[in-house]
Amino acid sequence: MSEPSLRAAILPVTPLQQNCSLVWCTKTMRGAFVDPGGGLPKLRAAIAQAGVTIEKILLTHGHIDHCGSAGIFAEELGVPIEGPHEADRFWIARLEDDGRNYGVMGKPFEPDRWLVDGDTVTVGDLTLDVRHCPGHTPGHVVFHHPESKLAIVGDVLFQGSIGRTDFPLGNHQQLLDAITQRLWPMGDDTSFIPGHGPMSTFAQERQSNPFVADRVLASA
């Protein structure tokens with residue numbers, strides 16, 4: 001079997017056990033961190049262990065556990081930040097206050113590139129598609145690598161659950177629409193890395209997720 005073009009390591013960080021992902025292109029050994037919310041010593045160790053060169057930071061959304069340390073880490077590594085969608089400016093602006101509340105380091109920053117639905121981002125020779133999936137936050141985006149049948153979905157969808165929508169600017173119907181209109185078309189055989197907890201597949205969630213299973217939504 002040939003080596004996959006994309007590899008990913010899941011690194012839970014912060015007291016909220018948020019899944020930071022290190023993804024890299026096996027051809028070029030160039031990589032990116034998705035949602036480095038904290039735990040920088042752990043993330044530095046992961047770079048060394050994987051033997052990759054970090055070329056950027058990608059963000060799904062502006063919540064403290066996902067991006068509190070992103071600006072600090074980007075400065076340290078000398079790399080740009082891409083994402084989320086500009087509608088999450090509200091959340092990034094309050095990272096310091098939220099950090100104090102959650103006991104997580106938080107520092108506001110300005111991404112080098114805001115993302116919109118239909119954009120692409122590159123990691124080495126890999127190209128990931130960007131889908132805007134609001135609801136949990138207004139500017140939440142998801143990264144999808146079709147060739148690997150892998151999506152990194154932040155807090156849109158979890159194994160057996162969906163993202164909270166009771167935070168400021170959350171919207172439950174928008175979240176359901178994003179899942180059914182933006183995630184499901186990626187294919188049932190797509191595996192996904194959620195923002196918290198274990199990986200799953202869209203097929204499994206369409207069958208058994210109590211919030212968005214096909215039968216649940218059909219009877220709504």
# chains A, B, ... in the order shown; residues from 1 in each chain; ligands from 1
>>> select_by_dssp(residues="region 86-139 of chain A", states="helix (DSSP H, G or I)", output="PyMOL selection string")
chain A and resi 86-93+95-102
>>> write_last_selection(atoms="N, CA and C atoms", output="short mmCIF file (atom, residue, chain, number, x, y, z; two decimals), in the first residue's frame")
data_model
loop_
_atom_site.label_atom_id
_atom_site.label_comp_id
_atom_site.auth_asym_id
_atom_site.auth_seq_id
_atom_site.Cartn_x
_atom_site.Cartn_y
_atom_site.Cartn_z
N GLU A 86 -14.76 35.89 8.58
CA GLU A 86 -14.67 37.18 9.29
C GLU A 86 -15.82 37.42 10.26
N ALA A 87 -16.90 36.69 10.13
CA ALA A 87 -18.02 36.84 11.07
C ALA A 87 -17.64 36.46 12.50
N ASP A 88 -16.47 35.83 12.68
CA ASP A 88 -16.02 35.48 14.03
C ASP A 88 -15.10 36.52 14.65
N ARG A 89 -14.98 37.71 14.04
CA ARG A 89 -14.21 38.80 14.65
C ARG A 89 -14.66 39.05 16.09
N PHE A 90 -15.97 38.98 16.31
CA PHE A 90 -16.56 39.19 17.63
C PHE A 90 -15.89 38.31 18.68
N TRP A 91 -15.69 37.02 18.34
CA TRP A 91 -15.12 36.08 19.30
C TRP A 91 -13.63 36.29 19.49
N ILE A 92 -12.92 36.57 18.41
CA ILE A 92 -11.47 36.75 18.50
C ILE A 92 -11.14 38.00 19.33
N ALA A 93 -11.98 39.04 19.21
CA ALA A 93 -11.75 40.28 19.95
C ALA A 93 -11.85 40.07 21.46
N LEU A 95 -10.97 37.27 23.22
CA LEU A 95 -10.20 36.10 23.67
C LEU A 95 -9.56 36.31 25.04
N GLU A 96 -9.11 37.53 25.30
CA GLU A 96 -8.46 37.77 26.59
C GLU A 96 -9.45 37.60 27.74
N ASP A 97 -10.64 38.19 27.59
CA ASP A 97 -11.68 38.06 28.63
C ASP A 97 -12.12 36.61 28.79
N ASP A 98 -12.35 35.94 27.67
CA ASP A 98 -12.79 34.53 27.73
C ASP A 98 -11.70 33.66 28.35
N GLY A 99 -10.45 34.00 28.06
CA GLY A 99 -9.34 33.24 28.61
C GLY A 99 -9.32 33.29 30.13
N ARG A 100 -9.58 34.49 30.66
CA ARG A 100 -9.62 34.63 32.12
C ARG A 100 -10.75 33.77 32.71
N ASN A 101 -11.88 33.76 32.03
CA ASN A 101 -13.04 33.00 32.53
C ASN A 101 -12.81 31.49 32.51
N TYR A 102 -12.05 31.03 31.51
CA TYR A 102 -11.88 29.57 31.35
C TYR A 102 -10.52 29.07 31.81
#
>>> closest_atom_pairs(of="region 15-38 of chain A", to="region 152-176 of chain A", cutoff="12 Å", atoms="only C-alpha atoms", output="JSON lines")
{"residue": "A:Gln18", "atom": "CA", "partner": "A:Gly154", "partner_atom": "CA", "distance": 9.0}
{"residue": "A:Asn19", "atom": "CA", "partner": "A:Gly154", "partner_atom": "CA", "distance": 8.2}
{"residue": "A:Cys20", "atom": "CA", "partner": "A:Gly154", "partner_atom": "CA", "distance": 9.2}
{"residue": "A:Ser21", "atom": "CA", "partner": "A:Ile152", "partner_atom": "CA", "distance": 8.3}
{"residue": "A:Leu22", "atom": "CA", "partner": "A:Ile152", "partner_atom": "CA", "distance": 10.8}
{"residue": "A:Val23", "atom": "CA", "partner": "A:Ile152", "partner_atom": "CA", "distance": 10.0}
{"residue": "A:Phe33", "atom": "CA", "partner": "A:Ile152", "partner_atom": "CA", "distance": 11.3}
{"residue": "A:Val34", "atom": "CA", "partner": "A:Ile152", "partner_atom": "CA", "distance": 8.3}
{"residue": "A:Asp35", "atom": "CA", "partner": "A:Gly154", "partner_atom": "CA", "distance": 8.2}
{"residue": "A:Pro36", "atom": "CA", "partner": "A:Gly154", "partner_atom": "CA", "distance": 11.6}
{"residue": "A:Gly37", "atom": "CA", "partner": "A:Gly154", "partner_atom": "CA", "distance": 11.7}
>>> residues_around(residues="His61 (chain A)", least_positions_apart="5", cutoff="7 Å", atoms="only C-alpha atoms", output="PyMOL selection string")
chain A and resi 66+84+88+137+139-141
>>> write_last_selection(atoms="N, CA and C atoms", output="mmCIF file, in the first residue's frame")
data_model
loop_
_atom_site.group_PDB
_atom_site.id
_atom_site.type_symbol
_atom_site.label_atom_id
_atom_site.label_comp_id
_atom_site.auth_asym_id
_atom_site.auth_seq_id
_atom_site.Cartn_x
_atom_site.Cartn_y
_atom_site.Cartn_z
ATOM 1 N N HIS A 66 -10.159 26.902 20.913
ATOM 2 C CA HIS A 66 -9.697 26.583 19.556
ATOM 3 C C HIS A 66 -8.607 27.530 19.064
ATOM 4 N N PRO A 84 -10.723 32.011 10.879
ATOM 5 C CA PRO A 84 -11.952 31.478 10.289
ATOM 6 C C PRO A 84 -12.578 32.492 9.320
ATOM 7 N N ASP A 88 -16.469 35.829 12.679
ATOM 8 C CA ASP A 88 -16.024 35.482 14.033
ATOM 9 C C ASP A 88 -15.098 36.525 14.647
ATOM 10 N N THR A 137 -20.815 29.141 15.836
ATOM 11 C CA THR A 137 -20.430 30.552 15.773
ATOM 12 C C THR A 137 -20.769 31.021 14.358
ATOM 13 N N GLY A 139 -18.953 32.555 12.196
ATOM 14 C CA GLY A 139 -17.873 32.471 11.216
ATOM 15 C C GLY A 139 -17.181 31.120 11.147
ATOM 16 N N HIS A 140 -17.835 30.078 11.631
ATOM 17 C CA HIS A 140 -17.224 28.737 11.676
ATOM 18 C C HIS A 140 -16.992 28.197 10.257
ATOM 19 N N VAL A 141 -15.789 27.653 10.033
ATOM 20 C CA VAL A 141 -15.498 26.979 8.767
ATOM 21 C C VAL A 141 -15.030 25.554 9.032
#
>>> atom_distance(atom1="CA of Arg94 (chain A)", atom2="CA of Ile81 (chain A)")
17.6 Å
>>> residues_around(residues="region 116-133 of chain A", least_positions_apart="4", cutoff="6 Å", atoms="only C-alpha atoms", output="short mmCIF file (atom, residue, chain, number, x, y, z; two decimals) with all heavy atoms, in the first residue's frame")
data_model
loop_
_atom_site.label_atom_id
_atom_site.label_comp_id
_atom_site.auth_asym_id
_atom_site.auth_seq_id
_atom_site.Cartn_x
_atom_site.Cartn_y
_atom_site.Cartn_z
N CYS A 25 1.46 17.02 4.76
CA CYS A 25 1.62 16.43 3.43
C CYS A 25 2.80 15.49 3.49
O CYS A 25 3.93 15.91 3.78
CB CYS A 25 1.85 17.57 2.43
SG CYS A 25 2.47 17.05 0.82
N THR A 28 5.84 16.34 0.98
CA THR A 28 6.74 17.47 1.25
C THR A 28 7.14 17.58 2.72
O THR A 28 8.05 18.33 3.06
CB THR A 28 6.05 18.80 0.87
OG1 THR A 28 4.88 18.96 1.69
CG2 THR A 28 5.62 18.80 -0.59
N ARG A 30 5.51 19.08 4.91
CA ARG A 30 5.10 20.40 5.38
C ARG A 30 3.71 20.26 5.99
O ARG A 30 2.88 19.52 5.48
CB ARG A 30 5.12 21.42 4.24
CG ARG A 30 6.52 21.62 3.68
CD ARG A 30 6.60 22.69 2.62
NE ARG A 30 6.47 24.04 3.18
CZ ARG A 30 7.46 24.71 3.76
NH1 ARG A 30 8.66 24.16 3.87
NH2 ARG A 30 7.27 25.94 4.21
N GLY A 31 3.49 20.97 7.11
CA GLY A 31 2.26 20.75 7.84
C GLY A 31 1.62 22.03 8.34
O GLY A 31 2.15 23.13 8.17
N HIS A 85 -13.89 32.48 9.20
CA HIS A 85 -14.64 33.47 8.43
C HIS A 85 -14.72 34.76 9.26
O HIS A 85 -14.74 34.72 10.49
CB HIS A 85 -16.05 32.92 8.17
CG HIS A 85 -16.93 33.77 7.32
ND1 HIS A 85 -17.53 34.93 7.80
CD2 HIS A 85 -17.35 33.63 6.04
CE1 HIS A 85 -18.27 35.46 6.84
NE2 HIS A 85 -18.18 34.70 5.76
N HIS A 140 -17.84 30.08 11.63
CA HIS A 140 -17.22 28.74 11.68
C HIS A 140 -16.99 28.20 10.26
O HIS A 140 -17.86 28.28 9.40
CB HIS A 140 -18.15 27.79 12.44
CG HIS A 140 -17.47 26.57 12.99
ND1 HIS A 140 -16.77 25.69 12.20
CD2 HIS A 140 -17.39 26.10 14.26
CE1 HIS A 140 -16.29 24.71 12.97
NE2 HIS A 140 -16.65 24.94 14.22
N VAL A 141 -15.79 27.65 10.03
CA VAL A 141 -15.50 26.98 8.77
C VAL A 141 -15.03 25.55 9.03
O VAL A 141 -14.60 25.22 10.14
CB VAL A 141 -14.44 27.73 7.93
CG1 VAL A 141 -14.93 29.11 7.52
CG2 VAL A 141 -13.10 27.81 8.65
N VAL A 142 -15.15 24.73 7.99
CA VAL A 142 -14.75 23.32 8.03
C VAL A 142 -13.74 23.09 6.90
O VAL A 142 -13.87 23.68 5.82
CB VAL A 142 -16.01 22.44 7.86
CG1 VAL A 142 -15.65 21.03 7.44
CG2 VAL A 142 -16.83 22.44 9.14
N PHE A 143 -12.75 22.24 7.16
CA PHE A 143 -11.74 21.91 6.15
C PHE A 143 -11.95 20.48 5.67
O PHE A 143 -12.10 19.57 6.48
CB PHE A 143 -10.33 22.07 6.74
CG PHE A 143 -10.05 23.46 7.23
CD1 PHE A 143 -10.09 23.75 8.59
CD2 PHE A 143 -9.78 24.49 6.33
CE1 PHE A 143 -9.85 25.04 9.05
CE2 PHE A 143 -9.54 25.79 6.78
CZ PHE A 143 -9.57 26.06 8.14
N HIS A 144 -11.94 20.29 4.36
CA HIS A 144 -12.25 18.98 3.78
C HIS A 144 -11.18 18.61 2.75
O HIS A 144 -10.86 19.41 1.86
CB HIS A 144 -13.63 19.06 3.09
CG HIS A 144 -14.05 17.80 2.41
ND1 HIS A 144 -14.71 17.78 1.20
CD2 HIS A 144 -13.91 16.49 2.77
CE1 HIS A 144 -14.95 16.53 0.85
NE2 HIS A 144 -14.49 15.73 1.78
N HIS A 145 -10.62 17.41 2.91
CA HIS A 145 -9.67 16.89 1.91
C HIS A 145 -10.34 15.70 1.22
O HIS A 145 -10.30 14.58 1.72
CB HIS A 145 -8.36 16.46 2.58
CG HIS A 145 -7.29 16.11 1.60
ND1 HIS A 145 -6.74 14.86 1.49
CD2 HIS A 145 -6.68 16.88 0.65
CE1 HIS A 145 -5.83 14.85 0.53
NE2 HIS A 145 -5.77 16.07 0.01
N ALA A 178 -26.21 23.75 8.02
CA ALA A 178 -24.80 23.58 7.65
C ALA A 178 -24.44 22.10 7.61
O ALA A 178 -23.74 21.64 6.69
CB ALA A 178 -23.90 24.32 8.64
#
>>> atom_distance(atom1="CA of Ser191 (chain A)", atom2="CA of Asp112 (chain A)")
28.6 Å
>>> select_by_dssp(residues="region 109-163 of chain A", states="strand (DSSP E)", output="JSON list (two decimals) with all heavy atoms, in the first residue's frame")
[["chain", "number", "residue", "atom", "x", "y", "z"],
["A", 120, "THR", "N", -10.07, 27.61, -0.92],
["A", 120, "THR", "CA", -9.20, 26.45, -0.66],
["A", 120, "THR", "C", -8.00, 26.93, 0.14],
["A", 120, "THR", "O", -7.61, 28.10, 0.07],
["A", 120, "THR", "CB", -8.71, 25.77, -1.95],
["A", 120, "THR", "OG1", -7.99, 26.72, -2.74],
["A", 120, "THR", "CG2", -9.87, 25.20, -2.75],
["A", 121, "VAL", "N", -7.43, 26.02, 0.91],
["A", 121, "VAL", "CA", -6.16, 26.28, 1.60],
["A", 121, "VAL", "C", -5.21, 25.15, 1.24],
["A", 121, "VAL", "O", -5.65, 24.03, 0.95],
["A", 121, "VAL", "CB", -6.34, 26.37, 3.14],
["A", 121, "VAL", "CG1", -7.21, 27.55, 3.51],
["A", 121, "VAL", "CG2", -6.91, 25.08, 3.71],
["A", 122, "THR", "N", -3.93, 25.46, 1.23],
["A", 122, "THR", "CA", -2.94, 24.45, 0.89],
["A", 122, "THR", "C", -2.08, 24.12, 2.11],
["A", 122, "THR", "O", -1.82, 24.98, 2.95],
["A", 122, "THR", "CB", -2.02, 24.91, -0.25],
["A", 122, "THR", "OG1", -1.36, 26.13, 0.15],
["A", 122, "THR", "CG2", -2.82, 25.16, -1.53],
["A", 123, "VAL", "N", -1.66, 22.86, 2.17],
["A", 123, "VAL", "CA", -0.69, 22.40, 3.15],
["A", 123, "VAL", "C", 0.29, 21.53, 2.36],
["A", 123, "VAL", "O", -0.08, 20.45, 1.91],
["A", 123, "VAL", "CB", -1.34, 21.58, 4.29],
["A", 123, "VAL", "CG1", -0.27, 21.11, 5.26],
["A", 123, "VAL", "CG2", -2.41, 22.39, 5.01],
["A", 126, "LEU", "N", -0.96, 19.49, -0.65],
["A", 126, "LEU", "CA", -2.37, 19.16, -0.44],
["A", 126, "LEU", "C", -3.24, 20.41, -0.63],
["A", 126, "LEU", "O", -2.82, 21.52, -0.30],
["A", 126, "LEU", "CB", -2.61, 18.63, 0.97],
["A", 126, "LEU", "CG", -1.75, 17.46, 1.44],
["A", 126, "LEU", "CD1", -1.98, 17.22, 2.93],
["A", 126, "LEU", "CD2", -2.10, 16.21, 0.64],
["A", 127, "THR", "N", -4.45, 20.20, -1.11],
["A", 127, "THR", "CA", -5.42, 21.28, -1.19],
["A", 127, "THR", "C", -6.67, 20.87, -0.42],
["A", 127, "THR", "O", -7.25, 19.81, -0.69],
["A", 127, "THR", "CB", -5.80, 21.59, -2.66],
["A", 127, "THR", "OG1", -4.63, 21.99, -3.36],
["A", 127, "THR", "CG2", -6.83, 22.69, -2.73],
["A", 128, "LEU", "N", -7.06, 21.70, 0.54],
["A", 128, "LEU", "CA", -8.26, 21.43, 1.34],
["A", 128, "LEU", "C", -9.34, 22.43, 0.96],
["A", 128, "LEU", "O", -9.06, 23.62, 0.76],
["A", 128, "LEU", "CB", -7.96, 21.56, 2.84],
["A", 128, "LEU", "CG", -7.23, 20.40, 3.53],
["A", 128, "LEU", "CD1", -5.79, 20.29, 3.04],
["A", 128, "LEU", "CD2", -7.24, 20.58, 5.04],
["A", 129, "ASP", "N", -10.56, 21.94, 0.84],
["A", 129, "ASP", "CA", -11.70, 22.80, 0.54],
["A", 129, "ASP", "C", -12.23, 23.42, 1.83],
["A", 129, "ASP", "O", -12.24, 22.77, 2.88],
["A", 129, "ASP", "CB", -12.83, 21.98, -0.12],
["A", 129, "ASP", "CG", -12.41, 21.39, -1.45],
["A", 129, "ASP", "OD1", -11.59, 22.02, -2.15],
["A", 129, "ASP", "OD2", -12.88, 20.29, -1.80],
["A", 130, "VAL", "N", -12.70, 24.65, 1.73],
["A", 130, "VAL", "CA", -13.24, 25.38, 2.87],
["A", 130, "VAL", "C", -14.75, 25.51, 2.71],
["A", 130, "VAL", "O", -15.24, 25.96, 1.68],
["A", 130, "VAL", "CB", -12.62, 26.79, 2.97],
["A", 130, "VAL", "CG1", -13.26, 27.58, 4.11],
["A", 130, "VAL", "CG2", -11.11, 26.70, 3.16],
["A", 131, "ARG", "N", -15.48, 25.09, 3.74],
["A", 131, "ARG", "CA", -16.93, 25.29, 3.75],
["A", 131, "ARG", "C", -17.31, 26.13, 4.97],
["A", 131, "ARG", "O", -16.87, 25.83, 6.08],
["A", 131, "ARG", "CB", -17.68, 23.95, 3.81],
["A", 131, "ARG", "CG", -17.44, 22.98, 2.67],
["A", 131, "ARG", "CD", -17.53, 23.57, 1.27],
["A", 131, "ARG", "NE", -18.70, 24.37, 0.97],
["A", 131, "ARG", "CZ", -19.77, 23.94, 0.31],
["A", 131, "ARG", "NH1", -19.84, 22.69, -0.11],
["A", 131, "ARG", "NH2", -20.77, 24.75, 0.05],
["A", 132, "HIS", "N", -18.10, 27.16, 4.73],
["A", 132, "HIS", "CA", -18.59, 28.00, 5.82],
["A", 132, "HIS", "C", -19.79, 27.30, 6.46],
["A", 132, "HIS", "O", -20.77, 27.01, 5.78],
["A", 132, "HIS", "CB", -18.99, 29.38, 5.26],
["A", 132, "HIS", "CG", -19.49, 30.33, 6.29],
["A", 132, "HIS", "ND1", -20.44, 31.29, 6.01],
["A", 132, "HIS", "CD2", -19.18, 30.49, 7.61],
["A", 132, "HIS", "CE1", -20.68, 32.00, 7.09],
["A", 132, "HIS", "NE2", -19.94, 31.53, 8.08],
["A", 141, "VAL", "N", -15.79, 27.65, 10.03],
["A", 141, "VAL", "CA", -15.50, 26.98, 8.77],
["A", 141, "VAL", "C", -15.03, 25.55, 9.03],
["A", 141, "VAL", "O", -14.60, 25.22, 10.14],
["A", 141, "VAL", "CB", -14.44, 27.73, 7.93],
["A", 141, "VAL", "CG1", -14.93, 29.11, 7.52],
["A", 141, "VAL", "CG2", -13.10, 27.81, 8.65],
["A", 142, "VAL", "N", -15.15, 24.73, 7.99],
["A", 142, "VAL", "CA", -14.75, 23.32, 8.03],
["A", 142, "VAL", "C", -13.74, 23.09, 6.90],
["A", 142, "VAL", "O", -13.87, 23.68, 5.82],
["A", 142, "VAL", "CB", -16.01, 22.44, 7.86],
["A", 142, "VAL", "CG1", -15.65, 21.03, 7.44],
["A", 142, "VAL", "CG2", -16.83, 22.44, 9.14],
["A", 143, "PHE", "N", -12.75, 22.24, 7.16],
["A", 143, "PHE", "CA", -11.74, 21.91, 6.15],
["A", 143, "PHE", "C", -11.95, 20.48, 5.67],
["A", 143, "PHE", "O", -12.10, 19.57, 6.48],
["A", 143, "PHE", "CB", -10.33, 22.07, 6.74],
["A", 143, "PHE", "CG", -10.05, 23.46, 7.23],
["A", 143, "PHE", "CD1", -10.09, 23.75, 8.59],
["A", 143, "PHE", "CD2", -9.78, 24.49, 6.33],
["A", 143, "PHE", "CE1", -9.85, 25.04, 9.05],
["A", 143, "PHE", "CE2", -9.54, 25.79, 6.78],
["A", 143, "PHE", "CZ", -9.57, 26.06, 8.14],
["A", 144, "HIS", "N", -11.94, 20.29, 4.36],
["A", 144, "HIS", "CA", -12.25, 18.98, 3.78],
["A", 144, "HIS", "C", -11.18, 18.61, 2.75],
["A", 144, "HIS", "O", -10.86, 19.41, 1.86],
["A", 144, "HIS", "CB", -13.63, 19.06, 3.09],
["A", 144, "HIS", "CG", -14.05, 17.80, 2.41],
["A", 144, "HIS", "ND1", -14.71, 17.78, 1.20],
["A", 144, "HIS", "CD2", -13.91, 16.49, 2.77],
["A", 144, "HIS", "CE1", -14.95, 16.53, 0.85],
["A", 144, "HIS", "NE2", -14.49, 15.73, 1.78],
["A", 145, "HIS", "N", -10.62, 17.41, 2.91],
["A", 145, "HIS", "CA", -9.67, 16.89, 1.91],
["A", 145, "HIS", "C", -10.34, 15.70, 1.22],
["A", 145, "HIS", "O", -10.30, 14.58, 1.72],
["A", 145, "HIS", "CB", -8.36, 16.46, 2.58],
["A", 145, "HIS", "CG", -7.29, 16.11, 1.60],
["A", 145, "HIS", "ND1", -6.74, 14.86, 1.49],
["A", 145, "HIS", "CD2", -6.68, 16.88, 0.65],
["A", 145, "HIS", "CE1", -5.83, 14.85, 0.53],
["A", 145, "HIS", "NE2", -5.77, 16.07, 0.01],
["A", 150, "LEU", "N", -11.53, 12.94, 4.39],
["A", 150, "LEU", "CA", -11.37, 13.44, 5.75],
["A", 150, "LEU", "C", -11.85, 14.88, 5.85],
["A", 150, "LEU", "O", -11.54, 15.70, 4.98],
["A", 150, "LEU", "CB", -9.90, 13.38, 6.18],
["A", 150, "LEU", "CG", -9.60, 13.92, 7.58],
["A", 150, "LEU", "CD1", -10.11, 12.96, 8.66],
["A", 150, "LEU", "CD2", -8.12, 14.20, 7.77],
["A", 151, "ALA", "N", -12.60, 15.18, 6.90],
["A", 151, "ALA", "CA", -13.02, 16.54, 7.19],
["A", 151, "ALA", "C", -12.62, 16.89, 8.62],
["A", 151, "ALA", "O", -12.67, 16.04, 9.51],
["A", 151, "ALA", "CB", -14.52, 16.70, 7.01],
["A", 152, "ILE", "N", -12.22, 18.13, 8.82],
["A", 152, "ILE", "CA", -11.93, 18.65, 10.16],
["A", 152, "ILE", "C", -13.03, 19.66, 10.45],
["A", 152, "ILE", "O", -13.09, 20.72, 9.81],
["A", 152, "ILE", "CB", -10.54, 19.29, 10.22],
["A", 152, "ILE", "CG1", -9.47, 18.25, 9.82],
["A", 152, "ILE", "CG2", -10.25, 19.83, 11.62],
["A", 152, "ILE", "CD1", -8.08, 18.81, 9.67],
["A", 153, "VAL", "N", -13.94, 19.32, 11.36],
["A", 153, "VAL", "CA", -15.21, 20.04, 11.45],
["A", 153, "VAL", "C", -15.36, 20.92, 12.69],
["A", 153, "VAL", "O", -16.44, 21.51, 12.90],
["A", 153, "VAL", "CB", -16.41, 19.06, 11.36],
["A", 153, "VAL", "CG1", -16.33, 18.24, 10.09],
["A", 153, "VAL", "CG2", -16.50, 18.15, 12.58],
["A", 154, "GLY", "N", -14.31, 21.05, 13.51],
["A", 154, "GLY", "CA", -14.44, 21.90, 14.69],
["A", 154, "GLY", "C", -15.62, 21.50, 15.53],
["A", 154, "GLY", "O", -15.87, 20.31, 15.78],
["A", 157, "LEU", "N", -20.06, 19.36, 14.46],
["A", 157, "LEU", "CA", -20.60, 18.01, 14.62],
["A", 157, "LEU", "C", -19.65, 17.18, 15.48],
["A", 157, "LEU", "O", -18.43, 17.31, 15.37],
["A", 157, "LEU", "CB", -20.77, 17.36, 13.24],
["A", 157, "LEU", "CG", -21.35, 15.96, 13.17],
["A", 157, "LEU", "CD1", -22.84, 15.96, 13.53],
["A", 157, "LEU", "CD2", -21.18, 15.39, 11.74],
["A", 158, "PHE", "N", -20.23, 16.33, 16.33],
["A", 158, "PHE", "CA", -19.44, 15.41, 17.15],
["A", 158, "PHE", "C", -19.99, 14.00, 17.00],
["A", 158, "PHE", "O", -21.10, 13.81, 16.47],
["A", 158, "PHE", "CB", -19.54, 15.79, 18.64],
["A", 158, "PHE", "CG", -19.17, 17.21, 18.94],
["A", 158, "PHE", "CD1", -20.14, 18.15, 19.25],
["A", 158, "PHE", "CD2", -17.85, 17.62, 18.91],
["A", 158, "PHE", "CE1", -19.81, 19.46, 19.53],
["A", 158, "PHE", "CE2", -17.50, 18.93, 19.19],
["A", 158, "PHE", "CZ", -18.48, 19.86, 19.50],
["A", 161, "SER", "N", -23.41, 13.94, 18.78],
["A", 161, "SER", "CA", -23.91, 15.23, 19.22],
["A", 161, "SER", "C", -23.63, 16.29, 18.15],
["A", 161, "SER", "O", -23.07, 15.99, 17.10],
["A", 161, "SER", "CB", -23.26, 15.62, 20.55],
["A", 161, "SER", "OG", -23.90, 16.77, 21.09],
["A", 162, "ILE", "N", -24.03, 17.54, 18.45],
["A", 162, "ILE", "CA", -23.76, 18.66, 17.56],
["A", 162, "ILE", "C", -23.27, 19.83, 18.41],
["A", 162, "ILE", "O", -23.34, 19.78, 19.64],
["A", 162, "ILE", "CB", -25.01, 19.10, 16.75],
["A", 162, "ILE", "CG1", -26.15, 19.50, 17.69],
["A", 162, "ILE", "CG2", -25.44, 18.00, 15.78],
["A", 162, "ILE", "CD1", -27.36, 20.10, 16.98]]
>>> residues_around(residues="region 213-215 of chain A", least_positions_apart="4", cutoff="12 Å", atoms="only C-alpha atoms", output="PyMOL selection string")
chain A and resi 157+159-162+176+179-180+184+188+202-209+219-220
>>> decode(residues="region 36-47 of chain A", atoms="N, CA, C and O atoms", output="CSV table (one decimal), in the first residue's frame")
chain,number,residue,atom,x,y,z
A,36,PRO,N,-4.9,25.5,17.2
A,36,PRO,CA,-4.0,25.3,18.4
A,36,PRO,C,-4.4,26.3,19.5
A,36,PRO,O,-3.9,27.4,19.7
A,37,GLY,N,-5.4,25.8,20.3
A,37,GLY,CA,-6.0,26.6,21.3
A,37,GLY,C,-5.1,26.8,22.5
A,37,GLY,O,-5.3,27.8,23.3
A,38,GLY,N,-4.2,25.9,22.7
A,38,GLY,CA,-3.3,26.0,23.9
A,38,GLY,C,-2.3,24.8,23.9
A,38,GLY,O,-2.1,24.2,22.9
A,39,GLY,N,-1.7,24.6,25.0
A,39,GLY,CA,-0.8,23.4,25.1
A,39,GLY,C,0.4,23.5,24.2
A,39,GLY,O,0.8,22.5,23.6
A,40,LEU,N,1.0,24.7,24.1
A,40,LEU,CA,2.1,24.8,23.1
A,40,LEU,C,3.3,23.9,23.3
A,40,LEU,O,3.8,23.4,22.3
A,41,PRO,N,3.7,23.6,24.6
A,41,PRO,CA,4.8,22.6,24.7
A,41,PRO,C,4.4,21.2,24.1
A,41,PRO,O,5.3,20.6,23.4
A,42,LYS,N,3.2,20.8,24.2
A,42,LYS,CA,2.8,19.6,23.6
A,42,LYS,C,2.8,19.6,22.1
A,42,LYS,O,3.2,18.7,21.4
A,43,LEU,N,2.4,20.8,21.6
A,43,LEU,CA,2.4,21.0,20.1
A,43,LEU,C,3.8,21.1,19.5
A,43,LEU,O,4.1,20.5,18.5
A,44,ARG,N,4.7,21.7,20.3
A,44,ARG,CA,6.1,21.8,19.8
A,44,ARG,C,6.7,20.4,19.8
A,44,ARG,O,7.4,20.0,18.8
A,45,ALA,N,6.4,19.6,20.8
A,45,ALA,CA,6.9,18.2,20.8
A,45,ALA,C,6.3,17.4,19.6
A,45,ALA,O,7.0,16.5,19.0
A,46,ALA,N,5.1,17.6,19.2
A,46,ALA,CA,4.5,16.9,18.1
A,46,ALA,C,5.1,17.3,16.8
A,46,ALA,O,5.3,16.4,15.9
A,47,ILE,N,5.6,18.5,16.6
A,47,ILE,CA,6.3,18.9,15.4
A,47,ILE,C,7.6,18.1,15.3
A,47,ILE,O,7.9,17.5,14.3
